[in-house]
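Undergrad: Below is a structure I'd like to ask you about.
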Amino acid sequence: MIAFLDASALIYLIEGNEPFATKIRKELASAVKKYPDLGAGVSRLTWLECRVGPMKTNDSVRLAAFDAFFARPDLVWIELSREVVELAAAIRVKHGLKTPDSLQAASCLQVGADHIFLTGDQSFRRVAGLNVKLLTA
């Protein structure tokens, strides 16, 4: 089982944005209890989106916190391969998601059915096969 972290979920977690940081910690704790071998997965797009804010503000502490997470050896990386991009295009056409959201959904679906997609954006619920855990207050 993989907990796929959308950029919004990871930003909530790393930056401690409340009440969402507490919500994501609870969701992850619940998932680990149910799936003791739970892994974490991200796309390269998550990596990009999480680094932009700290880079814009020249916040080396926040950037280092994200980089430490992304350096985890057990992190599952989903690359933006041709298959991911083709699926993202189909998702964008069928569900009307924006391009970055379509890429995130397609990336997550590449890990197979055994995933939890953690996000703060309810538009992902429209995507068939995506096991969305919405992080709302």
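By convention here, the chains of the structure tokens are called A, B, ... in the order presented, each chain's residues are numbered starting at 1, and ligands are numbered starting at 1 in the order presented.
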As a PDB file with all heavy atoms, in the first residue's frame, please: the residues near Ile2 of chain A (cut-off 10 Å, only C-alpha atoms, same-chain neighbours under 4 positions excluded).
TA:
ATOM      1  N   ALA A  31      -3.732   4.922   8.464  1.00  0.00           N
ATOM      2  CA  ALA A  31      -3.323   4.059   7.348  1.00  0.00           C
ATOM      3  C   ALA A  31      -2.216   3.099   7.763  1.00  0.00           C
ATOM      4  O   ALA A  31      -2.229   1.926   7.386  1.00  0.00           O
ATOM      5  CB  ALA A  31      -2.879   4.915   6.164  1.00  0.00           C
ATOM      6  N   TYR A  35      -2.335  -0.698   7.451  1.00  0.00           N
ATOM      7  CA  TYR A  35      -1.342  -1.244   6.516  1.00  0.00           C
ATOM      8  C   TYR A  35       0.046  -0.996   7.101  1.00  0.00           C
ATOM      9  O   TYR A  35       0.691   0.007   6.773  1.00  0.00           O
ATOM     10  CB  TYR A  35      -1.443  -0.582   5.144  1.00  0.00           C
ATOM     11  CG  TYR A  35      -2.828  -0.598   4.552  1.00  0.00           C
ATOM     12  CD1 TYR A  35      -3.632   0.542   4.580  1.00  0.00           C
ATOM     13  CD2 TYR A  35      -3.339  -1.749   3.967  1.00  0.00           C
ATOM     14  CE1 TYR A  35      -4.908   0.533   4.040  1.00  0.00           C
ATOM     15  CE2 TYR A  35      -4.617  -1.769   3.425  1.00  0.00           C
ATOM     16  CZ  TYR A  35      -5.388  -0.621   3.472  1.00  0.00           C
ATOM     17  OH  TYR A  35      -6.654  -0.631   2.940  1.00  0.00           O
ATOM     18  N   ASP A  37       2.914  -1.935   6.459  1.00  0.00           N
ATOM     19  CA  ASP A  37       4.002  -1.759   5.495  1.00  0.00           C
ATOM     20  C   ASP A  37       3.756  -0.574   4.554  1.00  0.00           C
ATOM     21  O   ASP A  37       4.317  -0.506   3.461  1.00  0.00           O
ATOM     22  CB  ASP A  37       4.209  -3.034   4.689  1.00  0.00           C
ATOM     23  CG  ASP A  37       2.990  -3.411   3.858  1.00  0.00           C
ATOM     24  OD1 ASP A  37       1.877  -2.940   4.190  1.00  0.00           O
ATOM     25  OD2 ASP A  37       3.144  -4.169   2.888  1.00  0.00           O
ATOM     26  N   LEU A  38       2.939   0.382   4.986  1.00  0.00           N
ATOM     27  CA  LEU A  38       2.593   1.541   4.168  1.00  0.00           C
ATOM     28  C   LEU A  38       3.847   2.282   3.717  1.00  0.00           C
ATOM     29  O   LEU A  38       4.725   2.582   4.520  1.00  0.00           O
ATOM     30  CB  LEU A  38       1.692   2.497   4.966  1.00  0.00           C
ATOM     31  CG  LEU A  38       1.200   3.734   4.221  1.00  0.00           C
ATOM     32  CD1 LEU A  38       0.138   3.338   3.184  1.00  0.00           C
ATOM     33  CD2 LEU A  38       0.621   4.744   5.204  1.00  0.00           C
ATOM     34  N   GLY A  39       3.911   2.558   2.426  1.00  0.00           N
ATOM     35  CA  GLY A  39       4.995   3.360   1.879  1.00  0.00           C
ATOM     36  C   GLY A  39       4.472   4.730   1.478  1.00  0.00           C
ATOM     37  O   GLY A  39       3.263   4.964   1.465  1.00  0.00           O
ATOM     38  N   ALA A  40       5.372   5.625   1.156  1.00  0.00           N
ATOM     39  CA  ALA A  40       4.996   6.968   0.707  1.00  0.00           C
ATOM     40  C   ALA A  40       5.465   7.144  -0.728  1.00  0.00           C
ATOM     41  O   ALA A  40       6.561   6.720  -1.092  1.00  0.00           O
ATOM     42  CB  ALA A  40       5.624   8.029   1.599  1.00  0.00           C
ATOM     43  N   GLY A  41       4.613   7.782  -1.545  1.00  0.00           N
ATOM     44  CA  GLY A  41       4.950   8.020  -2.933  1.00  0.00           C
ATOM     45  C   GLY A  41       4.655   9.449  -3.339  1.00  0.00           C
ATOM     46  O   GLY A  41       3.736  10.079  -2.804  1.00  0.00           O
ATOM     47  N   VAL A  42       5.459   9.945  -4.258  1.00  0.00           N
ATOM     48  CA  VAL A  42       5.294  11.297  -4.802  1.00  0.00           C
ATOM     49  C   VAL A  42       5.649  11.282  -6.281  1.00  0.00           C
ATOM     50  O   VAL A  42       6.343  10.394  -6.761  1.00  0.00           O
ATOM     51  CB  VAL A  42       6.186  12.340  -4.089  1.00  0.00           C
ATOM     52  CG1 VAL A  42       5.789  12.519  -2.642  1.00  0.00           C
ATOM     53  CG2 VAL A  42       7.653  11.985  -4.220  1.00  0.00           C
ATOM     54  N   LEU A  75      11.251   6.428  -0.177  1.00  0.00           N
ATOM     55  CA  LEU A  75      10.228   7.156  -0.923  1.00  0.00           C
ATOM     56  C   LEU A  75      10.078   6.577  -2.327  1.00  0.00           C
ATOM     57  O   LEU A  75      11.067   6.341  -3.020  1.00  0.00           O
ATOM     58  CB  LEU A  75      10.612   8.637  -1.009  1.00  0.00           C
ATOM     59  CG  LEU A  75       9.563   9.599  -1.517  1.00  0.00           C
ATOM     60  CD1 LEU A  75       8.338   9.611  -0.612  1.00  0.00           C
ATOM     61  CD2 LEU A  75      10.153  11.008  -1.613  1.00  0.00           C
ATOM     62  N   VAL A  76       8.833   6.340  -2.734  1.00  0.00           N
ATOM     63  CA  VAL A  76       8.550   5.827  -4.076  1.00  0.00           C
ATOM     64  C   VAL A  76       8.330   7.027  -4.994  1.00  0.00           C
ATOM     65  O   VAL A  76       7.445   7.859  -4.751  1.00  0.00           O
ATOM     66  CB  VAL A  76       7.286   4.923  -4.068  1.00  0.00           C
ATOM     67  CG1 VAL A  76       6.916   4.495  -5.474  1.00  0.00           C
ATOM     68  CG2 VAL A  76       7.506   3.726  -3.162  1.00  0.00           C
ATOM     69  N   CYS A 108      -0.366   8.897  -9.501  1.00  0.00           N
ATOM     70  CA  CYS A 108      -0.831   8.024  -8.427  1.00  0.00           C
ATOM     71  C   CYS A 108      -1.382   6.713  -8.976  1.00  0.00           C
ATOM     72  O   CYS A 108      -1.109   5.640  -8.435  1.00  0.00           O
ATOM     73  CB  CYS A 108      -1.884   8.732  -7.588  1.00  0.00           C
ATOM     74  SG  CYS A 108      -2.465   7.721  -6.207  1.00  0.00           S
ATOM     75  N   VAL A 111       0.787   3.506  -9.499  1.00  0.00           N
ATOM     76  CA  VAL A 111       1.190   2.575  -8.440  1.00  0.00           C
ATOM     77  C   VAL A 111       0.214   1.412  -8.309  1.00  0.00           C
ATOM     78  O   VAL A 111       0.470   0.483  -7.559  1.00  0.00           O
ATOM     79  CB  VAL A 111       1.396   3.276  -7.067  1.00  0.00           C
ATOM     80  CG1 VAL A 111       2.441   4.351  -7.157  1.00  0.00           C
ATOM     81  CG2 VAL A 111       0.106   3.806  -6.499  1.00  0.00           C
ATOM     82  N   GLY A 112      -0.904   1.480  -9.020  1.00  0.00           N
ATOM     83  CA  GLY A 112      -1.890   0.416  -8.975  1.00  0.00           C
ATOM     84  C   GLY A 112      -3.011   0.740  -8.005  1.00  0.00           C
ATOM     85  O   GLY A 112      -3.105   1.841  -7.472  1.00  0.00           O
ATOM     86  N   ALA A 113      -3.841  -0.243  -7.754  1.00  0.00           N
ATOM     87  CA  ALA A 113      -5.037  -0.027  -6.926  1.00  0.00           C
ATOM     88  C   ALA A 113      -4.726   0.121  -5.444  1.00  0.00           C
ATOM     89  O   ALA A 113      -5.524   0.673  -4.700  1.00  0.00           O
ATOM     90  CB  ALA A 113      -6.016  -1.179  -7.135  1.00  0.00           C
ATOM     91  N   ASP A 114      -3.576  -0.356  -5.004  1.00  0.00           N
ATOM     92  CA  ASP A 114      -3.224  -0.303  -3.581  1.00  0.00           C
ATOM     93  C   ASP A 114      -2.594   1.039  -3.227  1.00  0.00           C
ATOM     94  O   ASP A 114      -1.382   1.147  -3.025  1.00  0.00           O
ATOM     95  CB  ASP A 114      -2.276  -1.447  -3.214  1.00  0.00           C
ATOM     96  CG  ASP A 114      -2.966  -2.790  -3.234  1.00  0.00           C
ATOM     97  OD1 ASP A 114      -4.208  -2.824  -3.133  1.00  0.00           O
ATOM     98  OD2 ASP A 114      -2.265  -3.809  -3.343  1.00  0.00           O
ATOM     99  N   HIS A 115      -3.438   2.054  -3.174  1.00  0.00           N
ATOM    100  CA  HIS A 115      -2.941   3.385  -2.836  1.00  0.00           C
ATOM    101  C   HIS A 115      -4.006   4.182  -2.091  1.00  0.00           C
ATOM    102  O   HIS A 115      -5.183   3.848  -2.138  1.00  0.00           O
ATOM    103  CB  HIS A 115      -2.532   4.151  -4.101  1.00  0.00           C
ATOM    104  CG  HIS A 115      -3.712   4.545  -4.937  1.00  0.00           C
ATOM    105  ND1 HIS A 115      -4.177   3.766  -5.964  1.00  0.00           N
ATOM    106  CD2 HIS A 115      -4.543   5.630  -4.884  1.00  0.00           C
ATOM    107  CE1 HIS A 115      -5.247   4.345  -6.508  1.00  0.00           C
ATOM    108  NE2 HIS A 115      -5.481   5.482  -5.859  1.00  0.00           N
ATOM    109  N   ILE A 116      -3.530   5.207  -1.424  1.00  0.00           N
ATOM    110  CA  ILE A 116      -4.378   6.230  -0.827  1.00  0.00           C
ATOM    111  C   ILE A 116      -3.839   7.543  -1.379  1.00  0.00           C
ATOM    112  O   ILE A 116      -2.633   7.803  -1.304  1.00  0.00           O
ATOM    113  CB  ILE A 116      -4.281   6.235   0.713  1.00  0.00           C
ATOM    114  CG1 ILE A 116      -4.668   4.878   1.290  1.00  0.00           C
ATOM    115  CG2 ILE A 116      -5.134   7.347   1.304  1.00  0.00           C
ATOM    116  CD1 ILE A 116      -4.258   4.707   2.738  1.00  0.00           C
ATOM    117  N   PHE A 117      -4.710   8.342  -1.955  1.00  0.00           N
ATOM    118  CA  PHE A 117      -4.301   9.625  -2.534  1.00  0.00           C
ATOM    119  C   PHE A 117      -4.675  10.725  -1.544  1.00  0.00           C
ATOM    120  O   PHE A 117      -5.844  11.023  -1.344  1.00  0.00           O
ATOM    121  CB  PHE A 117      -5.009   9.834  -3.878  1.00  0.00           C
ATOM    122  CG  PHE A 117      -4.569  11.061  -4.614  1.00  0.00           C
ATOM    123  CD1 PHE A 117      -3.443  11.028  -5.420  1.00  0.00           C
ATOM    124  CD2 PHE A 117      -5.282  12.243  -4.510  1.00  0.00           C
ATOM    125  CE1 PHE A 117      -3.037  12.166  -6.116  1.00  0.00           C
ATOM    126  CE2 PHE A 117      -4.886  13.383  -5.201  1.00  0.00           C
ATOM    127  CZ  PHE A 117      -3.754  13.342  -6.006  1.00  0.00           C
TER     128      PHE A 117
END
Undergrad: Please return, as a PyMOL selection string, all residues of chain A that DSSP assigns to alpha helix (DSSP H) on the basis of the backbone.
TA: chain A and resi 7-15+20-34+44-56+60-70+82-95+99-109
Undergrad: From a DSSP pass on the backbone, collect the residues of chain A flagged as strand (DSSP E or B) and hand them back as a ChimeraX atom specification.
TA: /A:2-5,39-43,76-78,115-119,132-134
Undergrad: Would you output that residue set with N, CA, C and O atoms, as a PDB file, in the first residue's frame?
TA:
ATOM      1  N   ILE A   2       0.518   2.200  -0.842  1.00  0.00           N
ATOM      2  CA  ILE A   2       1.263   3.452  -0.959  1.00  0.00           C
ATOM      3  C   ILE A   2       0.358   4.626  -0.597  1.00  0.00           C
ATOM      4  O   ILE A   2      -0.775   4.711  -1.062  1.00  0.00           O
ATOM      5  N   ALA A   3       0.857   5.514   0.235  1.00  0.00           N
ATOM      6  CA  ALA A   3       0.194   6.788   0.491  1.00  0.00           C
ATOM      7  C   ALA A   3       0.821   7.790  -0.466  1.00  0.00           C
ATOM      8  O   ALA A   3       1.981   8.172  -0.301  1.00  0.00           O
ATOM      9  N   PHE A   4       0.072   8.146  -1.506  1.00  0.00           N
ATOM     10  CA  PHE A   4       0.564   9.103  -2.497  1.00  0.00           C
ATOM     11  C   PHE A   4       0.229  10.499  -2.004  1.00  0.00           C
ATOM     12  O   PHE A   4      -0.934  10.806  -1.720  1.00  0.00           O
ATOM     13  N   LEU A   5       1.239  11.338  -1.903  1.00  0.00           N
ATOM     14  CA  LEU A   5       1.077  12.679  -1.356  1.00  0.00           C
ATOM     15  C   LEU A   5       1.018  13.719  -2.466  1.00  0.00           C
ATOM     16  O   LEU A   5       2.007  13.976  -3.152  1.00  0.00           O
ATOM     17  N   GLY A  39       3.911   2.558   2.426  1.00  0.00           N
ATOM     18  CA  GLY A  39       4.995   3.360   1.879  1.00  0.00           C
ATOM     19  C   GLY A  39       4.472   4.730   1.478  1.00  0.00           C
ATOM     20  O   GLY A  39       3.263   4.964   1.465  1.00  0.00           O
ATOM     21  N   ALA A  40       5.372   5.625   1.156  1.00  0.00           N
ATOM     22  CA  ALA A  40       4.996   6.968   0.707  1.00  0.00           C
ATOM     23  C   ALA A  40       5.465   7.144  -0.728  1.00  0.00           C
ATOM     24  O   ALA A  40       6.561   6.720  -1.092  1.00  0.00           O
ATOM     25  N   GLY A  41       4.613   7.782  -1.545  1.00  0.00           N
ATOM     26  CA  GLY A  41       4.950   8.020  -2.933  1.00  0.00           C
ATOM     27  C   GLY A  41       4.655   9.449  -3.339  1.00  0.00           C
ATOM     28  O   GLY A  41       3.736  10.079  -2.804  1.00  0.00           O
ATOM     29  N   VAL A  42       5.459   9.945  -4.258  1.00  0.00           N
ATOM     30  CA  VAL A  42       5.294  11.297  -4.802  1.00  0.00           C
ATOM     31  C   VAL A  42       5.649  11.282  -6.281  1.00  0.00           C
ATOM     32  O   VAL A  42       6.343  10.394  -6.761  1.00  0.00           O
ATOM     33  N   SER A  43       5.170  12.301  -6.959  1.00  0.00           N
ATOM     34  CA  SER A  43       5.581  12.499  -8.342  1.00  0.00           C
ATOM     35  C   SER A  43       6.654  13.576  -8.386  1.00  0.00           C
ATOM     36  O   SER A  43       6.844  14.318  -7.414  1.00  0.00           O
ATOM     37  N   VAL A  76       8.833   6.340  -2.734  1.00  0.00           N
ATOM     38  CA  VAL A  76       8.550   5.827  -4.076  1.00  0.00           C
ATOM     39  C   VAL A  76       8.330   7.027  -4.994  1.00  0.00           C
ATOM     40  O   VAL A  76       7.445   7.859  -4.751  1.00  0.00           O
ATOM     41  N   TRP A  77       9.154   7.112  -6.029  1.00  0.00           N
ATOM     42  CA  TRP A  77       9.055   8.203  -6.998  1.00  0.00           C
ATOM     43  C   TRP A  77       8.292   7.730  -8.231  1.00  0.00           C
ATOM     44  O   TRP A  77       8.608   6.684  -8.792  1.00  0.00           O
ATOM     45  N   ILE A  78       7.313   8.505  -8.650  1.00  0.00           N
ATOM     46  CA  ILE A  78       6.604   8.223  -9.895  1.00  0.00           C
ATOM     47  C   ILE A  78       7.074   9.267 -10.903  1.00  0.00           C
ATOM     48  O   ILE A  78       6.855  10.468 -10.731  1.00  0.00           O
ATOM     49  N   HIS A 115      -3.438   2.054  -3.174  1.00  0.00           N
ATOM     50  CA  HIS A 115      -2.941   3.385  -2.836  1.00  0.00           C
ATOM     51  C   HIS A 115      -4.006   4.182  -2.091  1.00  0.00           C
ATOM     52  O   HIS A 115      -5.183   3.848  -2.138  1.00  0.00           O
ATOM     53  N   ILE A 116      -3.530   5.207  -1.424  1.00  0.00           N
ATOM     54  CA  ILE A 116      -4.378   6.230  -0.827  1.00  0.00           C
ATOM     55  C   ILE A 116      -3.839   7.543  -1.379  1.00  0.00           C
ATOM     56  O   ILE A 116      -2.633   7.803  -1.304  1.00  0.00           O
ATOM     57  N   PHE A 117      -4.710   8.342  -1.955  1.00  0.00           N
ATOM     58  CA  PHE A 117      -4.301   9.625  -2.534  1.00  0.00           C
ATOM     59  C   PHE A 117      -4.675  10.725  -1.544  1.00  0.00           C
ATOM     60  O   PHE A 117      -5.844  11.023  -1.344  1.00  0.00           O
ATOM     61  N   LEU A 118      -3.681  11.308  -0.900  1.00  0.00           N
ATOM     62  CA  LEU A 118      -3.903  12.338   0.117  1.00  0.00           C
ATOM     63  C   LEU A 118      -3.829  13.717  -0.523  1.00  0.00           C
ATOM     64  O   LEU A 118      -2.804  14.077  -1.109  1.00  0.00           O
ATOM     65  N   THR A 119      -4.905  14.476  -0.381  1.00  0.00           N
ATOM     66  CA  THR A 119      -4.981  15.786  -1.024  1.00  0.00           C
ATOM     67  C   THR A 119      -5.944  16.700  -0.282  1.00  0.00           C
ATOM     68  O   THR A 119      -6.793  16.231   0.480  1.00  0.00           O
ATOM     69  N   VAL A 132      -9.203   8.536  -2.969  1.00  0.00           N
ATOM     70  CA  VAL A 132      -8.946   9.862  -2.399  1.00  0.00           C
ATOM     71  C   VAL A 132      -9.268   9.907  -0.920  1.00  0.00           C
ATOM     72  O   VAL A 132     -10.342   9.479  -0.494  1.00  0.00           O
ATOM     73  N   LYS A 133      -8.343  10.453  -0.150  1.00  0.00           N
ATOM     74  CA  LYS A 133      -8.571  10.817   1.257  1.00  0.00           C
ATOM     75  C   LYS A 133      -8.456  12.332   1.283  1.00  0.00           C
ATOM     76  O   LYS A 133      -7.383  12.904   1.162  1.00  0.00           O
ATOM     77  N   LEU A 134      -9.600  12.990   1.410  1.00  0.00           N
ATOM     78  CA  LEU A 134      -9.652  14.442   1.383  1.00  0.00           C
ATOM     79  C   LEU A 134      -9.291  15.005   2.750  1.00  0.00           C
ATOM     80  O   LEU A 134      -9.872  14.622   3.763  1.00  0.00           O
TER      81      LEU A 134
END
Undergrad: Nearest residue to Asp6 of chain A out of A:Pro19, A:Pro73, A:Pro100, A:Gly53, using only C-alpha atoms?
TA: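 Of the candidates, the smallest distance to Asp6 of chain A is held by A:Pro100.
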Undergrad: Using only C-alpha atoms, determine which residues lie at most 9 Å from Cys50 of chain A, disregarding the query and same-chain residues fewer than 6 positions distant; provide the list as a PyMOL selection string.
TA: chain A and resi 7-8+10-11+63+66
Undergrad: For Gln122 of chain A, which of A:Leu87, A:Leu97, A:Ala106, A:Ala68 is the closest residue, counting only C-alpha atoms?
TA: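 Of the candidates, the smallest distance to Gln122 of chain A is held by A:Leu97.
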